[in-house]
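A short write-up of the structure that comes next.
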Amino acid sequence: MLIREDDLRGPEIAALLEAHLDLMRSISPPESVHALDLEALRAPEVTFWTLWEGAALLGCGALKQLDPTHGEIKSMHTAAAARGRGVARRMVEHILAAARARGYRRLSLETGATEDFAAARGLYSRFGFTACGPFADYVPDPFSAFMTLELGPAANAG
C-alpha cells in the first residue's frame with residue numbers, strides 16, 4: 001500500500017469522495033454532515049492523501065490546519081471493497097506523523113455519534129484520541145462526536 005499526497009484531480013478520487021459524501025448524507029441529518037467536498041479539500045490549509053494498491057484507490061484522508069499548533073483529521077474514507085484491511089489505520093498513522101512533523105500540539109476530529117460510526121470512534125480511541133467538546137467552528141450536535149489527541153514525545157503511536 002502506497003500513500004501519496006493528492007491533487008484531487010483524478011476521476012477515482014472524485015468517485016471515492018462522492019461515495020463518502022453519499023454515505024454521510026445517508027446516515028446523518030444534513031446539518032450534521034461535516035464532510036468536505038472537492039473544492040473545500042483544495043483549500044491551502046488542507047493536505048489530502050490517497051492510499052493505493054497498484055492502480056486501486058483504497059482510501060483517503062486529510063489534515064486541515066486550524067492554527068499553527070492544532071490540526072484536524074478530515075475526509076477519512078475507505079473504499080467499500082478495501083474495508084477490514086487496515087487502510088484507515090495506515091492513514092491515521094500517516095496523518096499523525098504529518099501532524100507531528102508540522103509541530104502540532106493537538107490533533108482533533110469530528111465523527112458521527114451514532115452506531116454507524118462506532119468503528120471509526122474505536123479506531124481513533126485505539127490511537128489515544130479522547131472525547132472532547134466542539135472545537136474550531138463546530139457547535140454541540142447530538143449526531144457529532146468530537147475527539148482530540150495531545151501530541152508530543154510521549155503521545156500514543158497506536
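Lettering and numbering for the C-alpha cells are positional, with chains as A, B, ... in the shown order, residues counted from 1 in each chain, and ligands counted from 1 in the shown order.
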May I have the residues within 12 Å of Leu123 of chain A as a ChimeraX atom specification, using only C-alpha atoms and disregarding those fewer than 6 positions away in the same chain?
/A:76,84,86-93,111,117,129-130,147,158
Since we have the selection now, will you write its residues out, keeping N, CA and C atoms, as a PDB file, in the first residue's frame?
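Writing the result to selection_39.pdb gives the following:
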```
ATOM      1  N   MET A  76     -11.675  11.125   6.166  1.00  0.00           N
ATOM      2  CA  MET A  76     -11.224   9.738   6.261  1.00  0.00           C
ATOM      3  C   MET A  76     -12.277   8.842   5.619  1.00  0.00           C
ATOM      4  N   GLY A  84     -11.603  -3.423   6.299  1.00  0.00           N
ATOM      5  CA  GLY A  84     -11.083  -4.547   7.066  1.00  0.00           C
ATOM      6  C   GLY A  84      -9.648  -4.905   6.727  1.00  0.00           C
ATOM      7  N   GLY A  86      -6.990  -2.629   7.076  1.00  0.00           N
ATOM      8  CA  GLY A  86      -6.036  -1.746   7.742  1.00  0.00           C
ATOM      9  C   GLY A  86      -5.795  -0.428   7.030  1.00  0.00           C
ATOM     10  N   VAL A  87      -6.619  -0.102   6.055  1.00  0.00           N
ATOM     11  CA  VAL A  87      -6.454   1.143   5.297  1.00  0.00           C
ATOM     12  C   VAL A  87      -6.582   2.354   6.211  1.00  0.00           C
ATOM     13  N   ALA A  88      -7.639   2.420   7.003  1.00  0.00           N
ATOM     14  CA  ALA A  88      -7.857   3.569   7.886  1.00  0.00           C
ATOM     15  C   ALA A  88      -6.741   3.679   8.918  1.00  0.00           C
ATOM     16  N   ARG A  89      -6.311   2.555   9.470  1.00  0.00           N
ATOM     17  CA  ARG A  89      -5.219   2.578  10.444  1.00  0.00           C
ATOM     18  C   ARG A  89      -3.959   3.169   9.815  1.00  0.00           C
ATOM     19  N   ARG A  90      -3.633   2.733   8.606  1.00  0.00           N
ATOM     20  CA  ARG A  90      -2.450   3.253   7.914  1.00  0.00           C
ATOM     21  C   ARG A  90      -2.575   4.761   7.675  1.00  0.00           C
ATOM     22  N   MET A  91      -3.775   5.212   7.292  1.00  0.00           N
ATOM     23  CA  MET A  91      -3.960   6.634   7.025  1.00  0.00           C
ATOM     24  C   MET A  91      -3.852   7.453   8.307  1.00  0.00           C
ATOM     25  N   VAL A  92      -4.423   6.961   9.407  1.00  0.00           N
ATOM     26  CA  VAL A  92      -4.300   7.693  10.671  1.00  0.00           C
ATOM     27  C   VAL A  92      -2.829   7.772  11.083  1.00  0.00           C
ATOM     28  N   GLU A  93      -2.091   6.696  10.954  1.00  0.00           N
ATOM     29  CA  GLU A  93      -0.660   6.717  11.274  1.00  0.00           C
ATOM     30  C   GLU A  93       0.052   7.784  10.447  1.00  0.00           C
ATOM     31  N   THR A 111     -16.497  13.124  14.185  1.00  0.00           N
ATOM     32  CA  THR A 111     -17.064  11.960  13.517  1.00  0.00           C
ATOM     33  C   THR A 111     -18.489  11.797  14.030  1.00  0.00           C
ATOM     34  N   PHE A 117     -21.024   4.900  13.251  1.00  0.00           N
ATOM     35  CA  PHE A 117     -19.663   5.405  13.353  1.00  0.00           C
ATOM     36  C   PHE A 117     -18.875   4.750  14.489  1.00  0.00           C
ATOM     37  N   PHE A 129      -7.041   9.004  21.003  1.00  0.00           N
ATOM     38  CA  PHE A 129      -7.980  10.121  20.951  1.00  0.00           C
ATOM     39  C   PHE A 129      -9.030   9.931  22.048  1.00  0.00           C
ATOM     40  N   THR A 130      -9.411  11.034  22.672  1.00  0.00           N
ATOM     41  CA  THR A 130     -10.441  11.005  23.703  1.00  0.00           C
ATOM     42  C   THR A 130     -11.526  12.022  23.371  1.00  0.00           C
ATOM     43  N   MET A 147     -13.354  14.435  19.124  1.00  0.00           N
ATOM     44  CA  MET A 147     -12.260  13.732  19.785  1.00  0.00           C
ATOM     45  C   MET A 147     -10.983  14.520  19.575  1.00  0.00           C
ATOM     46  N   GLY A 158      -0.324   4.423  18.589  1.00  0.00           N
ATOM     47  CA  GLY A 158      -1.304   3.467  18.054  1.00  0.00           C
ATOM     48  C   GLY A 158      -0.926   2.085  18.372  1.00  0.00           C
TER      49      GLY A 158
END
```
Would you list the contacts of Met1 of chain A as a PDB file with C-alpha atoms, in the first residue's frame, taking every protein, DNA or RNA residue within 12 Å and counting only C-alpha atoms, but skipping same-chain residues closer than 2 positions in sequence?
```
ATOM      1  CA  ILE A   3       0.140   6.727   0.481  1.00  0.00           C
ATOM      2  CA  ARG A   4       0.671   9.818  -1.639  1.00  0.00           C
ATOM      3  CA  THR A  50      -4.804   8.848  -1.024  1.00  0.00           C
ATOM      4  CA  LEU A  51      -3.838   5.255  -0.327  1.00  0.00           C
ATOM      5  CA  TRP A  52      -3.300   2.967  -3.310  1.00  0.00           C
ATOM      6  CA  GLU A  53      -2.533  -0.656  -4.024  1.00  0.00           C
ATOM      7  CA  GLY A  54      -1.321  -0.709  -7.608  1.00  0.00           C
ATOM      8  CA  ALA A  55      -3.992   1.093  -9.643  1.00  0.00           C
ATOM      9  CA  ALA A  56      -6.688   0.552  -6.992  1.00  0.00           C
ATOM     10  CA  LEU A  57      -7.649   3.502  -4.804  1.00  0.00           C
ATOM     11  CA  LEU A  58      -8.269   2.077  -1.320  1.00  0.00           C
ATOM     12  CA  GLY A  59      -8.883   5.159   0.781  1.00  0.00           C
ATOM     13  CA  ALA A  82     -10.993  -2.431   0.974  1.00  0.00           C
ATOM     14  CA  ARG A  85      -7.607  -4.388   5.502  1.00  0.00           C
ATOM     15  CA  GLY A  86      -6.036  -1.746   7.742  1.00  0.00           C
ATOM     16  CA  VAL A  87      -6.454   1.143   5.297  1.00  0.00           C
ATOM     17  CA  ALA A  88      -7.857   3.569   7.886  1.00  0.00           C
ATOM     18  CA  ARG A  89      -5.219   2.578  10.444  1.00  0.00           C
ATOM     19  CA  ARG A  90      -2.450   3.253   7.914  1.00  0.00           C
ATOM     20  CA  MET A  91      -3.960   6.634   7.025  1.00  0.00           C
TER      21      MET A  91
END
```
Shell of 9 Å around Leu149 of chain A, only C-alpha atoms, local chain residues under 6 positions omitted, as number ranges by chain:
A: 105-108, 127-130, 155-156
Nearest to Ala19 of chain A: which of A:Ala99, A:Ala62, A:Ala35, A:Leu2 is it, counting only C-alpha atoms?
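Under the stated criterion, the closest residue is A:Ala35.
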Residues within 9 Å of segment 134-142 of chain A, only C-alpha atoms, excluding chain neighbours under 4 positions, as a list in words:
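What passes the distance filter is Ser32, Leu66, Ser108, Leu109, Glu110, Gly112, Ala113, Thr114, Phe146 and Met147 of chain A.
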Nearby residues (only C-alpha atoms) at most 10 Å from segment 13-17 of chain A, same-chain spacing under 4 positions excluded, as a ChimeraX atom specification:
/A:6-9,21-23,35-38,50,57-60,75-80
